[in-house]
file upload.txt (compact mmCIF, C-alpha atoms and all ligand atoms)
# COMPACT_ATOMS: atom_id res chain seq x y z
CA MET A 1 -20.69 16.92 5.68
CA THR A 2 -23.11 18.93 7.73
CA ALA A 3 -26.81 18.47 8.20
CA THR A 4 -29.31 20.81 9.72
CA GLU A 5 -31.98 19.39 11.95
CA PRO A 6 -35.55 20.01 10.73
CA SER A 7 -36.73 23.21 12.34
CA ALA A 8 -39.78 23.14 14.50
CA SER A 9 -40.04 26.22 16.60
CA PRO A 10 -36.57 27.25 17.85
CA ALA A 11 -38.20 28.25 21.11
CA SER A 12 -39.81 24.87 21.70
CA SER A 13 -36.71 22.85 20.82
CA PRO A 14 -33.27 23.98 21.90
CA THR A 15 -31.62 21.92 19.14
CA ALA A 16 -33.93 22.98 16.34
CA SER A 17 -31.62 25.43 14.60
CA ARG A 18 -28.33 23.88 15.72
CA THR A 19 -26.10 22.70 12.92
CA LEU A 20 -25.07 19.11 13.40
CA ASP A 21 -21.51 18.32 12.37
CA VAL A 22 -21.78 14.69 11.44
CA GLN A 23 -18.07 14.22 10.87
CA SER A 24 -15.63 14.45 13.75
CA ALA A 25 -12.97 17.15 13.59
CA ARG A 26 -10.35 14.50 12.92
CA LEU A 27 -12.34 13.04 10.06
CA ARG A 28 -12.83 16.45 8.49
CA THR A 29 -9.08 16.86 8.19
CA LEU A 30 -8.76 13.68 6.10
CA PRO A 31 -8.39 14.48 2.39
CA THR A 32 -10.97 13.13 -0.04
CA TYR A 33 -9.91 9.73 -1.24
CA LEU A 34 -7.57 10.11 -4.21
CA PHE A 35 -9.55 7.82 -6.49
CA HIS A 36 -12.81 9.72 -6.04
CA ARG A 37 -11.78 12.51 -8.42
CA LEU A 38 -10.50 10.04 -10.96
CA ASP A 39 -13.73 8.05 -10.72
CA GLN A 40 -15.70 11.18 -11.58
CA ALA A 41 -13.54 11.80 -14.67
CA LYS A 42 -13.89 8.15 -15.70
CA ALA A 43 -17.69 8.31 -15.31
CA GLN A 44 -17.76 11.42 -17.51
CA TYR A 45 -15.69 9.67 -20.18
CA ARG A 46 -17.98 6.63 -20.15
CA GLY A 47 -21.08 8.82 -20.15
CA ARG A 48 -20.12 10.54 -23.39
CA GLY A 49 -21.52 7.82 -25.64
CA PRO A 50 -19.74 5.09 -27.61
CA LYS A 51 -16.00 5.36 -27.24
CA ALA A 52 -13.04 3.04 -26.96
CA PRO A 53 -13.38 1.16 -23.65
CA LEU A 54 -11.53 2.79 -20.79
CA ILE A 55 -8.19 1.17 -19.95
CA ASP A 56 -7.64 1.40 -16.22
CA LEU A 57 -4.04 1.48 -15.04
CA GLY A 58 -5.08 3.17 -11.81
CA VAL A 59 -5.93 1.02 -8.82
CA GLY A 60 -3.29 -1.50 -7.68
CA ASP A 61 -5.68 -4.43 -7.64
CA PRO A 62 -4.35 -7.56 -9.40
CA ASP A 63 -6.70 -8.59 -12.23
CA ARG A 64 -5.89 -12.30 -12.24
CA PRO A 65 -7.95 -14.74 -10.14
CA THR A 66 -6.58 -16.28 -6.96
CA PRO A 67 -4.72 -19.53 -7.79
CA ASP A 68 -6.99 -22.60 -7.83
CA TYR A 69 -5.28 -24.47 -5.02
CA ILE A 70 -5.98 -21.54 -2.66
CA VAL A 71 -9.64 -21.32 -3.76
CA SER A 72 -10.02 -25.08 -3.20
CA ALA A 73 -8.56 -24.75 0.30
CA LEU A 74 -11.19 -22.12 1.11
CA GLN A 75 -14.00 -24.26 -0.31
CA GLN A 76 -12.95 -27.14 1.88
CA ALA A 77 -12.47 -25.00 4.98
CA VAL A 78 -15.81 -23.24 4.68
CA ARG A 79 -17.62 -26.60 4.84
CA ASP A 80 -16.23 -27.13 8.32
CA PRO A 81 -18.71 -25.54 10.77
CA ALA A 82 -15.84 -24.80 13.14
CA THR A 83 -14.84 -22.00 10.73
CA HIS A 84 -18.28 -20.39 11.12
CA ARG A 85 -17.64 -19.33 14.69
CA TYR A 86 -15.71 -16.29 15.92
CA PRO A 87 -12.09 -16.63 14.87
CA ALA A 88 -9.16 -16.11 17.21
CA SER A 89 -8.52 -12.38 16.94
CA LYS A 90 -4.73 -12.83 16.93
CA GLY A 91 -5.08 -15.37 14.12
CA SER A 92 -5.23 -19.14 14.56
CA ALA A 93 -2.13 -20.88 15.86
CA LYS A 94 -1.98 -22.68 12.50
CA PHE A 95 -2.03 -19.44 10.51
CA ARG A 96 0.59 -17.82 12.73
CA ARG A 97 2.81 -20.90 12.42
CA ALA A 98 2.45 -20.78 8.62
CA ALA A 99 3.37 -17.08 8.66
CA ALA A 100 6.43 -17.83 10.79
CA ARG A 101 7.48 -20.65 8.45
CA PHE A 102 7.04 -18.32 5.47
CA MET A 103 9.29 -15.74 7.17
CA GLU A 104 11.93 -18.39 7.74
CA ARG A 105 11.82 -19.97 4.26
CA ARG A 106 11.32 -16.81 2.21
CA PHE A 107 13.34 -14.25 4.18
CA GLY A 108 15.54 -16.32 6.50
CA VAL A 109 13.91 -14.65 9.53
CA SER A 110 13.25 -16.83 12.60
CA CYS A 111 10.29 -15.76 14.68
CA ASP A 112 8.07 -17.21 17.37
CA PRO A 113 4.50 -17.56 16.06
CA ASP A 114 3.12 -17.01 19.57
CA ARG A 115 5.06 -13.90 20.48
CA HIS A 116 6.03 -12.24 17.20
CA VAL A 117 3.17 -12.85 14.75
CA LEU A 118 -0.30 -11.32 14.52
CA ALA A 119 -2.89 -11.93 11.78
CA CYS A 120 -4.55 -8.86 10.22
CA ILE A 121 -7.73 -8.44 8.17
CA GLY A 122 -5.58 -7.42 5.22
CA SER A 123 -2.40 -5.55 6.11
CA LYS A 124 -4.32 -2.26 5.68
CA GLU A 125 -6.29 -3.00 8.84
CA GLY A 126 -3.13 -3.48 10.91
CA ILE A 127 -1.45 -0.45 9.33
CA ALA A 128 -4.46 1.77 10.06
CA HIS A 129 -4.77 0.58 13.68
CA LEU A 130 -1.09 0.67 14.62
CA PRO A 131 -1.05 4.38 15.63
CA LEU A 132 -4.07 3.79 17.92
CA ALA A 133 -2.01 1.14 19.66
CA VAL A 134 1.37 2.84 20.00
CA VAL A 135 1.06 6.61 19.48
CA ASP A 136 -0.25 9.09 22.05
CA PRO A 137 -2.52 11.93 20.85
CA GLY A 138 -0.52 14.87 19.53
CA ARG A 139 2.66 12.84 18.93
CA VAL A 140 4.12 12.70 15.43
CA VAL A 141 3.92 9.85 12.92
CA LEU A 142 6.62 10.17 10.26
CA CYS A 143 5.17 9.14 6.89
CA PRO A 144 6.91 8.93 3.51
CA SER A 145 5.87 12.10 1.68
CA LEU A 146 4.90 9.90 -1.26
CA GLY A 147 3.05 6.96 0.06
CA TYR A 148 0.09 4.77 0.76
CA PRO A 149 -2.51 7.19 2.18
CA VAL A 150 -3.34 4.89 5.10
CA TYR A 151 -0.14 5.85 7.00
CA HIS A 152 -1.44 9.42 7.13
CA ALA A 153 -5.07 8.48 7.79
CA GLY A 154 -4.18 6.06 10.59
CA ALA A 155 -2.24 8.82 12.34
CA VAL A 156 -5.11 11.30 11.98
CA LEU A 157 -7.68 8.79 13.28
CA ALA A 158 -5.51 8.31 16.37
CA ASP A 159 -5.35 12.09 16.95
CA ALA A 160 -1.65 11.96 16.14
CA ARG A 161 0.14 14.33 13.77
CA PRO A 162 1.36 12.94 10.43
CA VAL A 163 4.57 14.61 9.23
CA GLY A 164 5.97 13.89 5.77
CA MET A 165 9.52 12.75 5.11
CA PRO A 166 10.52 14.22 1.71
CA MET A 167 11.28 11.78 -1.12
CA ARG A 168 13.19 12.64 -4.27
CA GLU A 169 14.38 10.94 -7.38
CA ALA A 170 18.01 11.89 -6.68
CA SER A 171 18.03 9.88 -3.47
CA GLY A 172 16.30 6.85 -5.00
CA TRP A 173 12.87 7.79 -3.62
CA THR A 174 13.90 6.96 -0.07
CA PRO A 175 12.48 9.06 2.79
CA LEU A 176 14.85 11.86 3.79
CA TRP A 177 14.33 11.79 7.56
CA GLU A 178 17.35 14.01 8.03
CA GLU A 179 15.35 16.85 6.45
CA VAL A 180 12.50 16.61 8.97
CA ASP A 181 12.28 19.49 11.45
CA PRO A 182 14.18 18.35 14.61
CA ALA A 183 11.21 19.42 16.77
CA ASP A 184 9.00 16.98 14.84
CA VAL A 185 11.61 14.25 15.18
CA ARG A 186 11.62 14.82 18.95
CA ASP A 187 7.83 14.40 18.99
CA ALA A 188 7.85 11.36 16.74
CA ALA A 189 6.59 8.03 18.08
CA LEU A 190 6.25 6.01 14.88
CA MET A 191 7.84 6.03 11.43
CA TRP A 192 6.77 4.21 8.25
CA VAL A 193 8.86 2.82 5.42
CA ASN A 194 7.54 0.84 2.45
CA TYR A 195 9.59 -1.14 -0.07
CA PRO A 196 8.98 -2.28 -2.77
CA ASN A 197 7.45 1.17 -2.81
CA ASN A 198 4.00 2.35 -3.67
CA PRO A 199 3.90 4.59 -5.68
CA THR A 200 7.48 5.01 -6.89
CA GLY A 201 8.32 1.36 -7.62
CA ALA A 202 11.65 1.86 -5.82
CA SER A 203 13.39 -0.96 -3.96
CA VAL A 204 16.05 -0.69 -1.26
CA PRO A 205 19.06 -2.75 -0.13
CA LEU A 206 19.25 -4.16 3.40
CA ASP A 207 21.52 -1.33 4.41
CA PHE A 208 18.57 1.07 4.04
CA TYR A 209 16.75 -0.77 6.83
CA ALA A 210 19.89 -0.68 8.97
CA GLN A 211 20.04 3.12 8.56
CA ALA A 212 16.32 3.55 9.23
CA ALA A 213 16.65 1.37 12.32
CA ARG A 214 19.59 3.44 13.58
CA PHE A 215 17.65 6.68 13.12
CA ALA A 216 14.58 5.19 14.83
CA ARG A 217 16.54 3.79 17.74
CA THR A 218 18.55 6.98 18.28
CA ASN A 219 15.35 9.00 18.43
CA GLY A 220 13.20 6.54 20.38
CA ILE A 221 10.84 5.92 17.46
CA ILE A 222 8.99 2.70 16.61
CA LEU A 223 9.90 1.67 13.06
CA ALA A 224 7.16 0.10 10.91
CA SER A 225 7.94 -1.49 7.57
CA ASP A 226 5.24 -2.26 5.00
CA GLN A 227 6.10 -5.18 2.72
CA ALA A 228 2.81 -5.49 0.84
CA TYR A 229 4.57 -6.00 -2.51
CA SER A 230 7.43 -8.29 -1.40
CA GLU A 231 6.37 -11.24 -3.58
CA LEU A 232 6.29 -9.33 -6.86
CA TYR A 233 9.90 -9.21 -8.02
CA TYR A 234 11.50 -9.39 -11.45
CA THR A 235 15.18 -10.14 -10.88
CA SER A 236 17.09 -12.50 -8.60
CA ASP A 237 17.39 -9.53 -6.22
CA LYS A 238 14.37 -10.39 -4.04
CA PRO A 239 12.95 -7.87 -1.57
CA GLU A 240 14.38 -8.44 1.90
CA SER A 241 12.88 -8.16 5.35
CA LEU A 242 13.65 -5.38 7.82
CA TRP A 243 14.41 -8.19 10.28
CA LYS A 244 17.43 -9.28 8.22
CA ALA A 245 19.14 -5.90 8.52
CA PRO A 246 22.40 -5.90 10.47
CA GLY A 247 21.82 -4.98 14.10
CA VAL A 248 18.04 -5.42 13.95
CA GLY A 249 16.66 -8.29 16.03
CA LEU A 250 13.12 -9.36 16.86
CA GLU A 251 14.05 -9.69 20.52
CA GLU A 252 15.63 -6.24 20.79
CA ALA A 253 14.06 -3.65 18.51
CA PRO A 254 10.51 -2.30 19.10
CA PHE A 255 9.77 -2.50 15.39
CA ILE A 256 7.09 -4.16 13.26
CA GLU A 257 6.77 -5.32 9.66
CA PHE A 258 3.50 -5.87 7.79
CA HIS A 259 3.01 -8.58 5.18
CA SER A 260 0.09 -9.03 2.84
CA LEU A 261 -1.25 -12.01 0.93
CA SER A 262 -3.17 -9.63 -1.36
CA LYS A 263 -0.79 -8.66 -4.13
CA GLY A 264 1.62 -11.57 -4.49
CA PHE A 265 -1.10 -14.24 -4.37
CA CYS A 266 -3.95 -12.27 -6.08
CA MET A 267 -6.03 -12.25 -2.90
CA THR A 268 -6.97 -8.59 -2.45
CA GLY A 269 -10.64 -9.39 -1.78
CA TRP A 270 -9.91 -12.02 0.82
CA ARG A 271 -8.59 -9.60 3.45
CA ILE A 272 -5.71 -11.43 5.02
CA GLY A 273 -2.23 -10.35 6.05
CA PHE A 274 -0.02 -10.46 9.11
CA ALA A 275 2.50 -8.52 11.15
CA VAL A 276 5.85 -9.74 12.44
CA GLY A 277 7.26 -7.66 15.22
CA HIS A 278 8.79 -7.23 18.63
CA GLN A 279 6.48 -8.75 21.21
CA SER A 280 5.75 -5.38 22.85
CA VAL A 281 4.47 -3.91 19.57
CA ILE A 282 2.57 -7.06 18.57
CA ASP A 283 0.90 -7.19 22.00
CA ALA A 284 -0.05 -3.50 21.76
CA LEU A 285 -1.59 -3.92 18.30
CA ALA A 286 -3.44 -7.08 19.40
CA LYS A 287 -4.80 -5.17 22.42
CA ALA A 288 -6.05 -2.29 20.24
CA LYS A 289 -7.65 -4.68 17.76
CA GLY A 290 -9.35 -6.66 20.53
CA PRO A 291 -12.35 -4.35 21.03
CA ILE A 292 -12.54 -3.42 17.33
CA ASP A 293 -12.55 -6.62 15.31
CA SER A 294 -12.80 -10.34 15.85
CA GLY A 295 -10.11 -11.39 13.43
CA ALA A 296 -10.05 -12.65 9.86
CA PHE A 297 -12.63 -15.30 8.83
CA SER A 298 -11.21 -18.67 9.94
CA ALA A 299 -11.78 -20.25 6.50
CA VAL A 300 -9.77 -17.44 4.92
CA GLN A 301 -7.01 -18.06 7.45
CA GLU A 302 -7.03 -21.77 6.45
CA ALA A 303 -6.67 -20.78 2.79
CA GLY A 304 -3.98 -18.29 3.84
CA VAL A 305 -2.01 -21.17 5.35
CA VAL A 306 -2.07 -22.93 1.96
CA ALA A 307 -1.04 -19.72 0.17
CA LEU A 308 1.90 -19.11 2.51
CA GLU A 309 3.07 -22.72 2.51
CA ASN A 310 3.10 -22.65 -1.30
CA TYR A 311 4.60 -19.20 -1.76
CA ASP A 312 7.11 -20.81 -4.14
CA HIS A 313 4.41 -22.58 -6.23
CA ASP A 314 4.83 -22.55 -10.02
CA ASP A 315 1.59 -20.52 -10.33
CA ILE A 316 3.14 -17.72 -8.29
CA ALA A 317 6.32 -17.77 -10.37
CA ALA A 318 4.09 -17.65 -13.49
CA LEU A 319 2.37 -14.55 -12.13
CA ARG A 320 5.74 -12.88 -11.71
CA SER A 321 6.72 -13.64 -15.27
CA MET A 322 3.36 -12.32 -16.48
CA TYR A 323 4.07 -9.06 -14.60
CA ALA A 324 7.56 -8.97 -16.11
CA ASP A 325 5.95 -8.99 -19.60
CA ARG A 326 3.62 -6.20 -18.52
CA LEU A 327 6.62 -4.30 -17.20
CA ASP A 328 8.29 -4.54 -20.62
CA ALA A 329 5.11 -3.20 -22.25
CA THR A 330 4.90 -0.37 -19.71
CA MET A 331 8.53 0.70 -20.11
CA GLU A 332 8.09 0.65 -23.90
CA GLY A 333 4.90 2.73 -23.56
CA VAL A 334 6.51 5.29 -21.28
CA LYS A 335 9.22 5.78 -23.90
CA LYS A 336 6.59 6.08 -26.63
CA ILE A 337 4.93 9.07 -24.94
CA GLY A 338 8.27 10.84 -24.58
CA SER A 339 8.41 10.26 -20.87
CA ARG A 340 10.94 8.51 -18.65
CA ALA A 341 10.93 6.02 -15.79
CA GLN A 342 13.41 3.92 -13.83
CA ARG A 343 12.69 0.23 -14.48
CA PRO A 344 11.54 -1.24 -11.15
CA ILE A 345 12.99 -4.54 -9.96
CA ALA A 346 9.92 -5.30 -7.84
CA GLY A 347 6.37 -4.20 -7.08
CA LEU A 348 3.24 -3.57 -9.09
CA PHE A 349 3.95 -0.04 -10.28
CA VAL A 350 5.94 2.04 -12.72
CA TRP A 351 6.53 5.64 -11.70
CA ALA A 352 7.12 7.92 -14.65
CA GLN A 353 7.69 11.61 -15.17
CA CYS A 354 4.86 13.48 -16.90
CA PRO A 355 5.59 14.48 -20.49
CA ASN A 356 6.58 18.08 -21.11
CA GLY A 357 3.74 20.57 -21.47
CA PRO A 358 3.55 23.75 -23.58
CA ASP A 359 6.24 25.41 -21.41
CA GLY A 360 8.71 22.60 -22.16
CA LYS A 361 8.63 21.38 -18.53
CA PRO A 362 7.05 18.21 -17.09
CA MET A 363 3.32 18.76 -16.80
CA ASP A 364 1.30 19.00 -13.65
CA SER A 365 0.27 15.42 -12.80
CA TRP A 366 -3.45 16.15 -12.33
CA ALA A 367 -3.68 18.02 -15.65
CA PHE A 368 -1.89 15.10 -17.32
CA ALA A 369 -4.02 12.37 -15.72
CA LEU A 370 -7.33 14.12 -16.38
CA ARG A 371 -6.46 14.67 -20.05
CA CYS A 372 -5.41 11.00 -20.38
CA ILE A 373 -8.89 9.99 -19.22
CA ASP A 374 -10.72 12.65 -21.18
CA GLU A 375 -8.88 12.39 -24.50
CA ALA A 376 -7.55 8.82 -24.51
CA GLY A 377 -9.80 6.84 -22.16
CA VAL A 378 -6.75 5.82 -20.12
CA SER A 379 -6.70 6.08 -16.34
CA LEU A 380 -3.34 6.65 -14.64
CA VAL A 381 -2.78 8.00 -11.14
CA PRO A 382 -1.41 11.54 -10.76
CA GLY A 383 1.65 11.57 -8.54
CA ALA A 384 0.35 14.60 -6.61
CA GLY A 385 -2.34 12.30 -5.21
CA PHE A 386 0.40 10.63 -3.15
CA GLY A 387 2.09 13.85 -2.01
CA GLU A 388 3.68 17.10 -3.16
CA ASP A 389 6.89 15.39 -4.28
CA GLY A 390 4.87 13.60 -6.96
CA ARG A 391 3.35 16.62 -8.67
CA HIS A 392 5.14 16.02 -12.00
CA TRP A 393 4.95 12.22 -11.94
CA PHE A 394 2.35 9.57 -12.58
CA ARG A 395 1.85 5.98 -11.46
CA VAL A 396 1.04 3.06 -13.75
CA ALA A 397 -0.45 -0.06 -12.12
CA MET A 398 0.35 -3.13 -14.22
CA THR A 399 -3.11 -4.55 -13.69
CA VAL A 400 -4.18 -5.19 -17.29
CA GLU A 401 -2.65 -7.53 -19.88
CA ALA A 402 0.45 -6.40 -21.80
CA PRO A 403 -1.40 -5.73 -25.12
CA ALA A 404 -3.88 -3.45 -23.31
CA ILE A 405 -0.98 -1.61 -21.66
CA ALA A 406 0.59 -1.12 -25.10
CA GLU A 407 -2.71 0.16 -26.50
CA ALA A 408 -3.14 2.55 -23.55
CA PHE A 409 0.20 4.20 -24.27
CA GLU A 410 -0.50 4.30 -28.02
CA ARG A 411 -3.65 6.27 -27.25
CA VAL A 412 -1.84 8.62 -24.86
CA ALA A 413 0.91 9.13 -27.46
CA ARG A 414 -1.71 10.62 -29.82
CA ILE A 415 -2.46 13.49 -27.41
CA ASP A 416 -0.82 16.77 -28.38
CA TRP A 417 0.77 17.96 -25.15
CA SER A 418 2.00 21.20 -26.70
CA LYS A 419 -1.55 22.55 -26.44
C1 LIG A 501 1.80 0.06 0.21
C2 LIG A 501 0.60 -0.73 0.58
N1 LIG A 501 0.54 -1.29 1.78
C3 LIG A 501 -0.52 -2.01 2.18
C4 LIG A 501 -1.60 -2.18 1.34
C5 LIG A 501 -2.77 -2.95 1.86
O1 LIG A 501 -2.94 -4.19 1.32
P1 LIG A 501 -3.90 -5.26 1.96
O2 LIG A 501 -4.73 -4.60 2.99
O3 LIG A 501 -4.73 -5.76 0.84
O4 LIG A 501 -3.01 -6.30 2.58
C6 LIG A 501 -1.60 -1.62 0.06
C7 LIG A 501 -2.75 -1.78 -0.82
O5 LIG A 501 -2.89 -1.18 -1.84
C8 LIG A 501 -0.46 -0.86 -0.32
O6 LIG A 501 -0.37 -0.29 -1.53
call {"tool": "encode", "arguments": {"input": "upload.txt", "output": "structure tokens"}}
result
Amino acid sequence: MTATEPSASPASSPTASRTLDVQSARLRTLPTYLFHRLDQAKAQYRGRGPKAPLIDLGVGDPDRPTPDYIVSALQQAVRDPATHRYPASKGSAKFRRAAARFMERRFGVSCDPDRHVLACIGSKEGIAHLPLAVVDPGRVVLCPSLGYPVYHAGAVLADARPVGMPMREASGWTPLWEEVDPADVRDAALMWVNYPNNPTGASVPLDFYAQAARFARTNGIILASDQAYSELYYTSDKPESLWKAPGVGLEEAPFIEFHSLSKGFCMTGWRIGFAVGHQSVIDALAKAKGPIDSGAFSAVQEAGVVALENYDHDDIAALRSMYADRLDATMEGVKKIGSRAQRPIAGLFVWAQCPNGPDGKPMDSWAFALRCIDEAGVSLVPGAGFGEDGRHWFRVAMTVEAPAIAEAFERVARIDWSK
């Protein structure tokens, strides 16, 4: 955005006619947030008078409330005036110990809460700040070509250069680092992977992390894994931690993994997550965060302890089975509109190919998504919003009840895509 200063007489004021660029050059290169365009289309739909209510399968924000026992823990903690003071920026010792215990019990990963764990104000905060901490200006950050936009934005805000790793259906939507220009690999300082994946819903076996670690180590790259969706799984095949991969050890590898309490425990608004990593990377991120933030609210950390200690609570298992029902409804719906999708074994999303358009080929994802809003009052996310490799795909977030998901696809099925 640019603004022009009010002009007095150019002669009397040297700045009078100078155009003021409010945004920094780095900020100007950031794309407009994906959901902005969808929000405009949704507002238009709602503005056109009485219609069927919009069904929003767009944003990955769990619709269910945070479990009661976590809310109660916050209520109790907030009454303690000690929580009203500045928190420990690294996270309280109690929170870091709870995170370490969670890593041990859930993933079988042993870590030292003092050296290997760092609290974040939601994992997004840590993810966005990591490049500031570990990447020099001009160096490359390898980002999945289809992915959470914050990997890209964090690199740009650190004056680093985001480079996409292609992702394709044929290779299970894993990043094809071998296809990256060798010059970019030489310049790379950091590389992101994210499973269960947003947006493709793909999961990976431990061997994937072993391969990623080998590539990172060979090329002197810091590997960062984003596990935001690890607690949403629908088979006995639970998502695993990078730190369980053969040959990857917390004492040896300069890697980091981010965990979030947002999705699995319905706590998106609370802003709490943590990182588990090699001490050098944890110390660097803590140092970068030091002058920026003062840590997550202590009462939220107290509630986070309760969430992590009860990760295997019946309420959490019930949430998973609720998502499994929604997954059934989504897979059914995808079939109903003549589209196809691989059934995910974990995560919050189904990634489906757009139905064929008039030319008999899968439609452009923006054209598809905008017509779904306009003609059916259903909001889905166009795959192109996550990267070029998604231009004929769309993402469904399972964030409404199963009957509403079914209704959404019934409405979309009534659209004539041959026109
Ligand atoms: C892949 C991925 N990572 C991280 C996050 C950030 O989650 P939070 O900051 O709520 O922990 C999100 C949120 O949508 C996400 O999709």
call {"tool": "axis_aligned_box", "arguments": {"input": "upload.txt", "around": "ligand LIG 501 (chain A)", "padding_each_side": "4 Å", "output": "JSON"}}
result
{"center_x": -1.5, "center_y": -3.1, "center_z": 0.6, "size_x": 14.5, "size_y": 14.4, "size_z": 12.8}
call {"tool": "atom_distance", "arguments": {"input": "upload.txt", "atom1": "atom CA of A:Asp315", "atom2": "atom CA of A:Ala303"}}
result
15.5 Å
call {"tool": "residues_near_ligand", "arguments": {"input": "upload.txt", "ligand": "ligand LIG 501 (chain A)", "cutoff": "6 Å", "atoms": "all atoms listed in the file", "output": "PyMOL selection string"}}
result
chain A and resi 60+122-124+148+198+226+228+260+262+268+273
call {"tool": "write_last_selection", "arguments": {"input": "upload.txt", "atoms": "C-alpha atoms", "output": "mmCIF file, in the frame of the given file"}}
result
data_model
loop_
_atom_site.group_PDB
_atom_site.id
_atom_site.type_symbol
_atom_site.label_atom_id
_atom_site.label_comp_id
_atom_site.auth_asym_id
_atom_site.auth_seq_id
_atom_site.Cartn_x
_atom_site.Cartn_y
_atom_site.Cartn_z
ATOM 1 C CA GLY A 60 -3.290 -1.500 -7.680
ATOM 2 C CA GLY A 122 -5.580 -7.420 5.220
ATOM 3 C CA SER A 123 -2.400 -5.550 6.110
ATOM 4 C CA LYS A 124 -4.320 -2.260 5.680
ATOM 5 C CA TYR A 148 0.090 4.770 0.760
ATOM 6 C CA ASN A 198 4.000 2.350 -3.670
ATOM 7 C CA ASP A 226 5.240 -2.260 5.000
ATOM 8 C CA ALA A 228 2.810 -5.490 0.840
ATOM 9 C CA SER A 260 0.090 -9.030 2.840
ATOM 10 C CA SER A 262 -3.170 -9.630 -1.360
ATOM 11 C CA THR A 268 -6.970 -8.590 -2.450
ATOM 12 C CA GLY A 273 -2.230 -10.350 6.050
#
call {"tool": "residues_around", "arguments": {"input": "upload.txt", "residues": "A:Asp416", "least_positions_apart": "3", "cutoff": "12 Å", "atoms": "only C-alpha atoms", "output": "PDB file with C-alpha atoms, in the frame of the given file"}}
result
ATOM      1  CA  ILE A 337       4.930   9.070 -24.940  1.00  0.00           C
ATOM      2  CA  GLY A 338       8.270  10.840 -24.580  1.00  0.00           C
ATOM      3  CA  PRO A 355       5.590  14.480 -20.490  1.00  0.00           C
ATOM      4  CA  ASN A 356       6.580  18.080 -21.110  1.00  0.00           C
ATOM      5  CA  GLY A 357       3.740  20.570 -21.470  1.00  0.00           C
ATOM      6  CA  PRO A 358       3.550  23.750 -23.580  1.00  0.00           C
ATOM      7  CA  PHE A 368      -1.890  15.100 -17.320  1.00  0.00           C
ATOM      8  CA  ARG A 371      -6.460  14.670 -20.050  1.00  0.00           C
ATOM      9  CA  CYS A 372      -5.410  11.000 -20.380  1.00  0.00           C
ATOM     10  CA  GLU A 375      -8.880  12.390 -24.500  1.00  0.00           C
ATOM     11  CA  ALA A 376      -7.550   8.820 -24.510  1.00  0.00           C
ATOM     12  CA  ARG A 411      -3.650   6.270 -27.250  1.00  0.00           C
ATOM     13  CA  VAL A 412      -1.840   8.620 -24.860  1.00  0.00           C
ATOM     14  CA  ALA A 413       0.910   9.130 -27.460  1.00  0.00           C
ATOM     15  CA  LYS A 419      -1.550  22.550 -26.440  1.00  0.00           C
TER      16      LYS A 419
END
call {"tool": "residues_around", "arguments": {"input": "upload.txt", "residues": "A:Gly58", "least_positions_apart": "5", "cutoff": "9 Å", "atoms": "all atoms listed in the file", "output": "list in words"}}
result
Phe35, Leu38, Val378, Ser379, Leu380, Val381, Arg395, Val396, Ala397, Met398 and Thr399 of chain A
call {"tool": "residues_near_point", "arguments": {"input": "upload.txt", "point": "(4.5, 5.4, 7.1)", "cutoff": "10 Å", "atoms": "all atoms listed in the file", "output": "PyMOL selection string"}}
result
chain A and resi 127+141-152+154-155+162-165+175+190-194+223-226
call {"tool": "residues_near_point", "arguments": {"input": "upload.txt", "point": "(17.4, 8.9, -7.7)", "cutoff": "12 Å", "atoms": "all atoms listed in the file", "output": "VMD selection string"}}
result
chain A and resid 167 to 175 200 to 204 341 to 343
call {"tool": "residues_around", "arguments": {"input": "upload.txt", "residues": "A:Leu250", "least_positions_apart": "5", "cutoff": "8 Å", "atoms": "all atoms listed in the file", "output": "PyMOL selection string"}}
result
chain A and resi 111+116+243+255+277-279
call {"tool": "atom_distance", "arguments": {"input": "upload.txt", "atom1": "atom CA of A:Ala299", "atom2": "atom CA of A:Gly91"}}
result
11.3 Å
call {"tool": "atom_distance", "arguments": {"input": "upload.txt", "atom1": "atom CA of A:Ala88", "atom2": "atom CA of A:Ala286"}}
result
10.9 Å
call {"tool": "closest_atom_pairs", "arguments": {"input": "upload.txt", "of": "stretch 249-343 of chain A", "to": "stretch 214-219 of chain A", "cutoff": "12 Å", "atoms": "all atoms listed in the file", "output": "CSV"}}
result
residue,atom,partner,partner_atom,distance
A:Glu252,CA,A:Arg217,CA,10.5
A:Ala253,CA,A:Arg217,CA,7.9
A:Pro254,CA,A:Arg217,CA,8.7
A:Phe255,CA,A:Ala216,CA,9.1
call {"tool": "closest_residue", "arguments": {"input": "upload.txt", "among": "A:Asp56, A:Asp136, A:Asp112, A:Asp63", "to": "A:Asp187", "atoms": "all atoms listed in the file"}}
result
A:Asp136
call {"tool": "closest_residue", "arguments": {"input": "upload.txt", "among": "A:Pro382, A:Pro65, A:Ser72, A:Pro403", "to": "A:Leu370", "atoms": "all atoms listed in the file"}}
result
A:Pro382
call {"tool": "closest_residue", "arguments": {"input": "upload.txt", "among": "A:Ala408, A:Val59, A:Cys120, A:Cys266", "to": "A:Leu34", "atoms": "only C-alpha atoms"}}
result
A:Val59
call {"tool": "closest_residue", "arguments": {"input": "upload.txt", "among": "A:Ala369, A:Pro67, A:Val185, A:Asp159", "to": "A:Ala25", "atoms": "only C-alpha atoms"}}
result
A:Asp159
call {"tool": "closest_residue", "arguments": {"input": "upload.txt", "among": "A:Glu302, A:Glu332, A:Glu240, A:Asp114", "to": "A:Val276", "atoms": "all atoms listed in the file"}}
result
A:Asp114
